[in-house]
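Peer 1: My questions will all concern the structure given below.
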Amino acid sequence: MTDVRFYHMQQKRLEQALPEIVAKALERKHRIVIKAGSPERVTALSNALWTADPASFLPHGAVRDGFEAEQPVWLTTEDDNPNAATVLILTDNATSPNVGDYALCCEFFDGNDEDAVSAARQRWKVYKEQSHATSYFQQDENGRWQQKQ
């Protein structure tokens, strides 16, 4: 059973919210796969991880960088896990048939996009049917994550 967490973005864009979650996972010594919706989004998310905090470094890579097995964070559009990650982050309404192979899956969706909200609700139902543990986090007015019931 995988712990699946839904992150309902309302105050921040993915490029702002993602580095916070990645930093926390890296602090806990997790290896991460981030699946994006397109190669262009992989590039944009890579840039966001590089520039999120000038005082810190979020080590990551993608296909163009190589050294897949050594990357603590792997950005991809595929269902690969070359770095033996235990955390999967899904963005851009990306899905994966391999969610059950991870200890934790984080789903980010744009709360200002009704189609994204509807798709997230459908995925929530599927995860519940598959007996995964699900939880839901929403940004407060200051952009901090609050777990909701």
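Labels used: A, B, ... for chains in the order of the structure tokens, numbers from 1 for residues in each chain, and numbers from 1 for ligands as shown.
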Which segment 69-89 of chain A residues have any atom within 9 Å of an atom of segment 104-124 of chain A, and for each, what is the nearest pair of atoms with distance in Å to one decimal, counting only C-alpha atoms, rows sorted by chain and number, as JSON lines?
Peer 2:
{"residue": "A:Thr86", "atom": "CA", "partner": "A:Leu104", "partner_atom": "CA", "distance": 6.6}
{"residue": "A:Val87", "atom": "CA", "partner": "A:Leu104", "partner_atom": "CA", "distance": 4.8}
{"residue": "A:Leu88", "atom": "CA", "partner": "A:Cys105", "partner_atom": "CA", "distance": 4.6}
{"residue": "A:Ile89", "atom": "CA", "partner": "A:Cys106", "partner_atom": "CA", "distance": 4.7}
Peer 1: Neighbours of segment 56-64 of chain A within 12 Å (only C-alpha atoms; same-chain residues fewer than 4 positions away dropped), as a CSV table (one decimal) with C-alpha atoms, in the first residue's frame?
Peer 2:
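Wrote it out as selection_32.csv, contents follow:
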chain,number,residue,atom,x,y,z
A,18,LEU,CA,7.4,21.7,-5.8
A,19,PRO,CA,10.9,22.8,-4.5
A,20,GLU,CA,9.4,23.0,-0.9
A,21,ILE,CA,8.2,19.4,-1.0
A,22,VAL,CA,11.4,18.1,-2.8
A,23,ALA,CA,13.6,19.8,-0.1
A,24,LYS,CA,11.6,18.1,2.7
A,25,ALA,CA,11.9,14.7,1.0
A,26,LEU,CA,15.6,15.1,0.5
A,27,GLU,CA,16.0,16.1,4.1
A,31,ARG,CA,15.1,9.5,-3.5
A,32,ILE,CA,12.5,11.0,-5.8
A,33,VAL,CA,11.1,10.6,-9.3
A,34,ILE,CA,9.1,13.6,-10.6
A,35,LYS,CA,6.9,12.8,-13.6
A,36,ALA,CA,5.9,15.8,-15.7
A,39,PRO,CA,9.7,17.4,-22.0
A,40,GLU,CA,9.2,21.1,-21.9
A,41,ARG,CA,7.8,20.8,-18.4
A,42,VAL,CA,10.7,18.7,-17.3
A,43,THR,CA,13.0,21.6,-18.4
A,44,ALA,CA,10.8,24.2,-16.6
A,45,LEU,CA,10.7,22.1,-13.4
A,46,SER,CA,14.4,21.5,-13.5
A,47,ASN,CA,14.9,25.3,-13.8
A,48,ALA,CA,12.6,25.8,-10.9
A,49,LEU,CA,14.6,23.4,-8.7
A,50,TRP,CA,17.8,25.2,-9.7
A,51,THR,CA,16.5,28.7,-8.9
A,52,ALA,CA,14.1,28.1,-6.0
A,68,GLU,CA,20.4,8.4,-13.8
A,69,ALA,CA,21.2,6.0,-11.0
A,70,GLU,CA,23.1,8.7,-9.0
A,71,GLN,CA,20.5,11.4,-9.3
A,72,PRO,CA,18.7,11.9,-5.9
A,73,VAL,CA,15.8,13.5,-7.9
A,74,TRP,CA,15.0,12.3,-11.4
A,75,LEU,CA,12.7,14.3,-13.7
A,76,THR,CA,11.0,12.4,-16.5
A,77,THR,CA,7.9,12.0,-18.7
A,78,GLU,CA,8.2,8.3,-18.5
A,80,ASP,CA,11.0,4.9,-15.2
A,81,ASN,CA,12.7,4.8,-11.8
A,82,PRO,CA,16.4,4.6,-12.6
A,83,ASN,CA,17.5,6.1,-9.2
Peer 1: What are the DSSP strand (DSSP E or B) residues of chain A, as JSON, numbers by chain?
Peer 2: {"A": [3, 4, 5, 6, 7, 8, 9, 32, 33, 34, 35, 61, 73, 74, 75, 76, 87, 88, 89, 90, 104, 105, 106, 107, 108, 109, 110, 133, 134, 135, 136, 137, 138, 139, 145, 146, 147, 148]}
Peer 1: Considering only alpha helix (DSSP H) as DSSP defines it on the backbone, what residues of chain A qualify? List them as a count of residues only.
Peer 2: 43
Peer 1: Could you check which of A:Thr91, A:Lys125, A:Ala85, A:Ser131 is closest to Met9 of chain A, using only C-alpha atoms?
Peer 2: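 That would be A:Thr91, the residue with the smallest distance to Met9 of chain A.
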Peer 1: Just give me the gap between atom CA of Arg144 of chain A and atom CA of Pro54 of chain A in Å, one decimal is fine.
Peer 2: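 Straight-line distance from atom CA of Arg144 of chain A to atom CA of Pro54 of chain A works out to 20.3 Å.
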Peer 1: Give me, as a list in words, all polymer residues having an atom no more than 9 Å from Asp140 of chain A, counting only C-alpha atoms and skipping those fewer than 5 positions away in the same chain.
Peer 2: Gln10, Gln11, Trp145 and Gln146 of chain A
Peer 1: Restricting the output to C-alpha atoms, write the selected residues as a PDB file, in the first residue's frame.
Peer 2:
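The file below, again_18.pdb, is the result:
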ATOM      1  CA  GLN A  10      -4.303  27.581  -4.915  1.00  0.00           C
ATOM      2  CA  GLN A  11      -1.828  30.264  -3.861  1.00  0.00           C
ATOM      3  CA  TRP A 145       0.164  23.396   3.321  1.00  0.00           C
ATOM      4  CA  GLN A 146      -2.671  22.398   5.650  1.00  0.00           C
TER       5      GLN A 146
END
Peer 1: To one decimal place, how far is atom CA of Ala84 of chain A from atom CA of His30 of chain A in Å?
Peer 2: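 Computing it gives 9.8 Å between the two atoms.
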Peer 1: Between atom CA of Thr2 of chain A and atom CA of His132 of chain A, measure the distance and give it in Å to one decimal.
Peer 2: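 About the pair atom CA of Thr2 of chain A and atom CA of His132 of chain A: they are 5.2 Å apart.
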Peer 1: Just checking: using only C-alpha atoms, which residue out of A:Val99, A:Ala133, A:Leu14, A:Leu90 ends up closest to Gly37 of chain A?
Peer 2: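 Among the listed residues, A:Leu90 lies closest to Gly37 of chain A.
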